[in-house]
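Dropping entry_6.pdb in here (PDB, C-alpha atoms, pLDDT in the B column):
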ATOM      1  CA  MET A   1       0.000   0.000   0.000  1.00 55.00           C
ATOM      2  CA  GLY A   2       1.474   3.316  -1.048  1.00 68.00           C
ATOM      3  CA  MET A   3       2.037   6.242   1.269  1.00 65.00           C
ATOM      4  CA  LEU A   4      -0.840   8.213  -0.261  1.00 62.00           C
ATOM      5  CA  SER A   5      -3.271   5.298   0.129  1.00 69.00           C
ATOM      6  CA  ARG A   6      -2.330   4.901   3.800  1.00 73.00           C
ATOM      7  CA  TRP A   7      -2.820   8.622   4.353  1.00 68.00           C
ATOM      8  CA  GLU A   8      -6.235   8.550   2.646  1.00 70.00           C
ATOM      9  CA  LEU A   9      -7.276   5.541   4.744  1.00 68.00           C
ATOM     10  CA  ALA A  10      -6.188   7.291   7.966  1.00 71.00           C
ATOM     11  CA  LEU A  11      -8.073  10.442   6.959  1.00 67.00           C
ATOM     12  CA  GLU A  12     -11.190   8.425   6.149  1.00 68.00           C
ATOM     13  CA  ARG A  13     -11.047   6.706   9.564  1.00 68.00           C
ATOM     14  CA  ARG A  14     -10.681  10.078  11.301  1.00 69.00           C
ATOM     15  CA  GLN A  15     -13.704  11.455   9.449  1.00 65.00           C
ATOM     16  CA  ASP A  16     -15.782   8.379  10.271  1.00 65.00           C
ATOM     17  CA  ALA A  17     -14.808   8.681  13.945  1.00 65.00           C
ATOM     18  CA  LEU A  18     -15.782  12.361  13.951  1.00 60.00           C
ATOM     19  CA  LEU A  19     -19.164  11.612  12.392  1.00 60.00           C
ATOM     20  CA  ASP A  20     -19.746   8.791  14.900  1.00 61.00           C
ATOM     21  CA  LYS A  21     -18.885  11.142  17.763  1.00 57.00           C
ATOM     22  CA  VAL A  22     -21.148  13.946  16.602  1.00 54.00           C
ATOM     23  CA  PHE A  23     -24.141  12.039  15.288  1.00 54.00           C
ATOM     24  CA  ARG A  24     -23.862   9.089  17.687  1.00 52.00           C
ATOM     25  CA  ARG A  25     -26.474   6.764  16.120  1.00 48.00           C
ATOM     26  CA  GLU A  26     -27.207   8.544  12.846  1.00 50.00           C
ATOM     27  CA  PRO A  27     -23.871   8.697  10.961  1.00 57.00           C
ATOM     28  CA  VAL A  28     -24.358   5.620   8.844  1.00 69.00           C
ATOM     29  CA  GLU A  29     -27.993   6.464   8.156  1.00 79.00           C
ATOM     30  CA  ILE A  30     -27.222  10.052   7.104  1.00 81.00           C
ATOM     31  CA  LEU A  31     -24.278   9.003   4.943  1.00 84.00           C
ATOM     32  CA  ASP A  32     -26.421   6.286   3.370  1.00 87.00           C
ATOM     33  CA  ALA A  33     -29.184   8.836   2.780  1.00 89.00           C
ATOM     34  CA  LEU A  34     -26.694  11.171   1.040  1.00 92.00           C
ATOM     35  CA  ARG A  35     -25.423   8.330  -1.146  1.00 93.00           C
ATOM     36  CA  ARG A  36     -28.979   7.186  -1.925  1.00 94.00           C
ATOM     37  CA  GLU A  37     -30.027  10.757  -2.811  1.00 95.00           C
ATOM     38  CA  CYS A  38     -27.046  10.960  -5.146  1.00 95.00           C
ATOM     39  CA  ASP A  39     -27.735   7.578  -6.763  1.00 96.00           C
ATOM     40  CA  ASP A  40     -31.497   8.148  -7.052  1.00 95.00           C
ATOM     41  CA  HIS A  41     -31.017  11.407  -8.961  1.00 95.00           C
ATOM     42  CA  ALA A  42     -28.282  10.237 -11.319  1.00 95.00           C
ATOM     43  CA  VAL A  43     -28.954  11.118 -14.956  1.00 94.00           C
ATOM     44  CA  VAL A  44     -27.358   8.918 -17.597  1.00 94.00           C
ATOM     45  CA  CYS A  45     -26.286  11.243 -20.402  1.00 93.00           C
ATOM     46  CA  SER A  46     -24.249   8.704 -22.337  1.00 92.00           C
ATOM     47  CA  GLU A  47     -22.561   5.376 -21.845  1.00 89.00           C
ATOM     48  CA  SER A  48     -19.602   7.086 -20.203  1.00 91.00           C
ATOM     49  CA  ARG A  49     -21.280  10.090 -18.565  1.00 94.00           C
ATOM     50  CA  VAL A  50     -23.573  10.029 -15.531  1.00 95.00           C
ATOM     51  CA  VAL A  51     -24.391  13.413 -13.999  1.00 94.00           C
ATOM     52  CA  VAL A  52     -25.581  13.771 -10.401  1.00 95.00           C
ATOM     53  CA  PRO A  53     -26.792  16.720  -8.322  1.00 95.00           C
ATOM     54  CA  ASN A  54     -24.077  18.712  -6.633  1.00 94.00           C
ATOM     55  CA  ALA A  55     -25.960  20.702  -3.973  1.00 93.00           C
ATOM     56  CA  TYR A  56     -27.202  18.671  -0.995  1.00 93.00           C
ATOM     57  CA  GLU A  57     -29.127  19.933   2.013  1.00 90.00           C
ATOM     58  CA  ILE A  58     -29.551  18.128   5.314  1.00 87.00           C
ATOM     59  CA  GLU A  59     -32.298  19.075   7.743  1.00 85.00           C
ATOM     60  CA  LEU A  60     -31.793  17.767  11.265  1.00 82.00           C
ATOM     61  CA  ALA A  61     -34.016  17.213  14.269  1.00 80.00           C
ATOM     62  CA  ASP A  62     -33.418  19.587  17.164  1.00 76.00           C
ATOM     63  CA  SER A  63     -31.500  17.061  19.304  1.00 72.00           C
ATOM     64  CA  VAL A  64     -29.115  16.123  16.483  1.00 72.00           C
ATOM     65  CA  HIS A  65     -28.756  19.766  15.431  1.00 73.00           C
ATOM     66  CA  ARG A  66     -27.633  20.790  18.956  1.00 72.00           C
ATOM     67  CA  GLU A  67     -24.917  18.128  18.957  1.00 70.00           C
ATOM     68  CA  LEU A  68     -23.759  19.087  15.486  1.00 68.00           C
ATOM     69  CA  ALA A  69     -23.467  22.818  16.204  1.00 66.00           C
ATOM     70  CA  ARG A  70     -20.254  22.262  18.181  1.00 68.00           C
ATOM     71  CA  GLU A  71     -18.297  20.836  15.230  1.00 68.00           C
ATOM     72  CA  GLU A  72     -20.283  22.035  12.239  1.00 67.00           C
ATOM     73  CA  GLU A  73     -17.417  22.908   9.875  1.00 70.00           C
ATOM     74  CA  GLU A  74     -15.511  19.651  10.399  1.00 73.00           C
ATOM     75  CA  VAL A  75     -18.637  17.525  10.027  1.00 75.00           C
ATOM     76  CA  GLY A  76     -19.712  19.388   6.896  1.00 76.00           C
ATOM     77  CA  GLN A  77     -16.307  18.805   5.308  1.00 80.00           C
ATOM     78  CA  ALA A  78     -16.370  15.130   6.321  1.00 81.00           C
ATOM     79  CA  LEU A  79     -19.788  14.718   4.677  1.00 86.00           C
ATOM     80  CA  ILE A  80     -18.548  16.396   1.482  1.00 88.00           C
ATOM     81  CA  ASP A  81     -15.422  14.222   1.415  1.00 88.00           C
ATOM     82  CA  THR A  82     -17.430  11.042   1.941  1.00 88.00           C
ATOM     83  CA  LEU A  83     -19.923  11.954  -0.790  1.00 93.00           C
ATOM     84  CA  ALA A  84     -17.093  12.950  -3.148  1.00 93.00           C
ATOM     85  CA  ARG A  85     -15.463   9.538  -2.655  1.00 91.00           C
ATOM     86  CA  HIS A  86     -18.794   7.847  -3.372  1.00 93.00           C
ATOM     87  CA  GLY A  87     -19.171   9.807  -6.611  1.00 94.00           C
ATOM     88  CA  GLU A  88     -15.617   9.025  -7.630  1.00 94.00           C
ATOM     89  CA  GLU A  89     -16.128   5.298  -6.980  1.00 93.00           C
ATOM     90  CA  LYS A  90     -19.292   5.304  -9.120  1.00 94.00           C
ATOM     91  CA  GLY A  91     -17.717   7.400 -11.894  1.00 95.00           C
ATOM     92  CA  TYR A  92     -20.248  10.219 -11.470  1.00 96.00           C
ATOM     93  CA  GLU A  93     -19.842  13.727 -12.827  1.00 94.00           C
ATOM     94  CA  TRP A  94     -21.124  16.487 -10.517  1.00 93.00           C
ATOM     95  CA  ALA A  95     -23.463  19.093 -12.035  1.00 91.00           C
ATOM     96  CA  GLY A  96     -21.214  21.766 -10.478  1.00 90.00           C
ATOM     97  CA  PRO A  97     -19.127  22.320  -7.349  1.00 90.00           C
ATOM     98  CA  LEU A  98     -20.103  19.806  -4.647  1.00 92.00           C
ATOM     99  CA  THR A  99     -21.722  21.304  -1.545  1.00 89.00           C
ATOM    100  CA  VAL A 100     -23.397  19.791   1.501  1.00 88.00           C
ATOM    101  CA  HIS A 101     -25.317  22.355   3.531  1.00 84.00           C
ATOM    102  CA  ILE A 102     -26.722  21.627   6.974  1.00 82.00           C
ATOM    103  CA  THR A 103     -29.687  23.897   7.630  1.00 79.00           C
ATOM    104  CA  ASP A 104     -29.216  26.580  10.266  1.00 67.00           C
ATOM    105  CA  THR A 105     -32.592  25.945  11.852  1.00 68.00           C
ATOM    106  CA  PRO A 106     -33.536  22.573  13.305  1.00 64.00           C
ATOM    107  CA  SER A 107     -36.706  21.098  11.874  1.00 65.00           C
ATOM    108  CA  ALA A 108     -39.575  19.602  13.851  1.00 66.00           C
ATOM    109  CA  HIS A 109     -41.311  18.115  10.788  1.00 71.00           C
ATOM    110  CA  LEU A 110     -39.047  15.358   9.481  1.00 71.00           C
ATOM    111  CA  PRO A 111     -40.413  12.164   7.943  1.00 65.00           C
ATOM    112  CA  ASN A 112     -38.274   9.860  10.094  1.00 63.00           C
ATOM    113  CA  GLY A 113     -38.052  12.221  13.072  1.00 66.00           C
ATOM    114  CA  ARG A 114     -34.267  12.672  12.786  1.00 74.00           C
ATOM    115  CA  TYR A 115     -33.163  14.006   9.382  1.00 80.00           C
ATOM    116  CA  ARG A 116     -34.089  14.695   5.761  1.00 82.00           C
ATOM    117  CA  VAL A 117     -31.707  14.862   2.797  1.00 87.00           C
ATOM    118  CA  SER A 118     -32.526  16.644  -0.450  1.00 88.00           C
ATOM    119  CA  SER A 119     -30.509  17.601  -3.504  1.00 92.00           C
ATOM    120  CA  THR A 120     -30.573  19.731  -6.597  1.00 89.00           C
ATOM    121  CA  PRO A 121     -28.269  20.294  -9.549  1.00 88.00           C
ATOM    122  CA  ALA A 122     -26.866  23.784  -9.074  1.00 84.00           C
ATOM    123  CA  PRO A 123     -24.141  24.495 -11.647  1.00 71.00           C
ATOM    124  CA  GLN A 124     -23.735  28.112 -10.561  1.00 67.00           C
ATOM    125  CA  VAL A 125     -23.294  27.604  -6.786  1.00 53.00           C
ATOM    126  CA  ARG A 126     -21.081  30.271  -5.254  1.00 57.00           C
ATOM    127  CA  ALA A 127     -19.475  30.224  -1.824  1.00 57.00           C
ATOM    128  CA  ASP A 128     -21.267  33.424  -0.806  1.00 58.00           C
ATOM    129  CA  SER A 129     -24.713  32.060  -1.703  1.00 56.00           C
ATOM    130  CA  PHE A 130     -25.070  30.456   1.744  1.00 57.00           C
ATOM    131  CA  PRO A 131     -25.552  32.632   4.819  1.00 60.00           C
ATOM    132  CA  ALA A 132     -22.463  33.271   6.938  1.00 56.00           C
ATOM    133  CA  HIS A 133     -22.347  31.838  10.457  1.00 51.00           C
TER     134      HIS A 133
END

For the file at hand, write its structure as structure tokens.
Amino acid sequence: MGMLSRWELALERRQDALLDKVFRREPVEILDALRRECDDHAVVCSESRVVVPNAYEIELADSVHRELAREEEEVGQALIDTLARHGEEKGYEWAGPLTVHITDTPSAHLPNGRYRVSSTPAPQVRADSFPAH
């Protein structure tokens, strides 16, 4: 195993540990929901080109949102990195720059009571289009 592969594996383990720490019981479910949202909205353009949405939004229940607020930036980056790896493994092409946004306001109306993931293709996403914290 090359040095870069070992470093990537160590980074992936650190991100998984962070997500486990913050979300406690939801990390696998939320990551699976992100992957499923990506896969479910894949558009086959040609034999060698599959385009997927690039802007993902996660709404969280109040209890999960409170836990997340402490390490929001690190968790957001870990979610983006995990989703980017998934897309790379599947050979997907993003519709634009990949973003995962966790809503600022916790939601009380979630279908499973804990989270909701949605996506949209947004080719013109800019860094300043999301509110500053």

**Message:** Under the rule that all atoms listed in the file are counted, which of A:Val44, A:Val117, A:Val100, A:Cys38 is the nearest residue to Gln77 of chain A?
**Reply:** A:Val100

**Prompt:** What does the PyMOL selection byres ((chain A and resi 36) around 12) select in this file, as a list in words?
**Reply:**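 That expression, the PyMOL selection byres ((chain A and resi 36) around 12), corresponds here to Val28, Glu29, Ile30, Leu31, Asp32, Ala33, Leu34, Arg35, Glu37, Cys38, Asp39, Asp40, His41, Ala42, Val52, Pro53, Tyr56, Leu83, His86, Gly87, Arg116, Val117, Ser118 and Ser119 of chain A.
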
**Chain and number of each residue from the PyMOL selection byres ((chain A and resi 101) around 9), as a PyMOL selection string** = chain A and resi 55-59+76+99-100+102-104+130

Write out, as a JSON list (two decimals), in the frame of the given file, the residues just selected, with C-alpha atoms.
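Below is the file result24.json, written as the result:
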[["chain", "number", "residue", "atom", "x", "y", "z"],
["A", 55, "ALA", "CA", -25.96, 20.70, -3.97],
["A", 56, "TYR", "CA", -27.20, 18.67, -1.00],
["A", 57, "GLU", "CA", -29.13, 19.93, 2.01],
["A", 58, "ILE", "CA", -29.55, 18.13, 5.31],
["A", 59, "GLU", "CA", -32.30, 19.08, 7.74],
["A", 76, "GLY", "CA", -19.71, 19.39, 6.90],
["A", 99, "THR", "CA", -21.72, 21.30, -1.54],
["A", 100, "VAL", "CA", -23.40, 19.79, 1.50],
["A", 102, "ILE", "CA", -26.72, 21.63, 6.97],
["A", 103, "THR", "CA", -29.69, 23.90, 7.63],
["A", 104, "ASP", "CA", -29.22, 26.58, 10.27],
["A", 130, "PHE", "CA", -25.07, 30.46, 1.74]]

**Asked** What is the distance between atom CA of Lys90 of chain A and atom CA of Ala10 of chain A, in Å to one decimal?
**Response** 21.6 Å

**Item:** Given only C-alpha atoms as the counted atoms, nearest of A:Asp81, A:Ala61, A:Pro123, A:Asn54 to Leu98 of chain A
**Value:** A:Asn54

**Request:** For each of A:Val50, A:Glu74, A:Tyr115, A:Ala122, take the minimum atom-to-atom distance to Pro97 of chain A, counting all atoms listed in the file, then give the residue where this is smallest.
**Result:** A:Ala122

**Message:** So the first atom is atom CA of Arg6 of chain A and the second is atom CA of Ala84 of chain A; what is the distance between them in Å, to one decimal place?
**Reply:** 18.2 Å

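Put simply, atom CA of Gly96 of chain A is 13.4 Å away from atom CA of Ile80 of chain A.
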
**Message:** Given all atoms listed in the file as the basis, pick out the residue of A:His109, A:Thr120, A:Glu8, A:Arg114 nearest to Val64 of chain A.
**Reply:**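 The shortest atom-to-atom distance to Val64 of chain A comes from A:Arg114.
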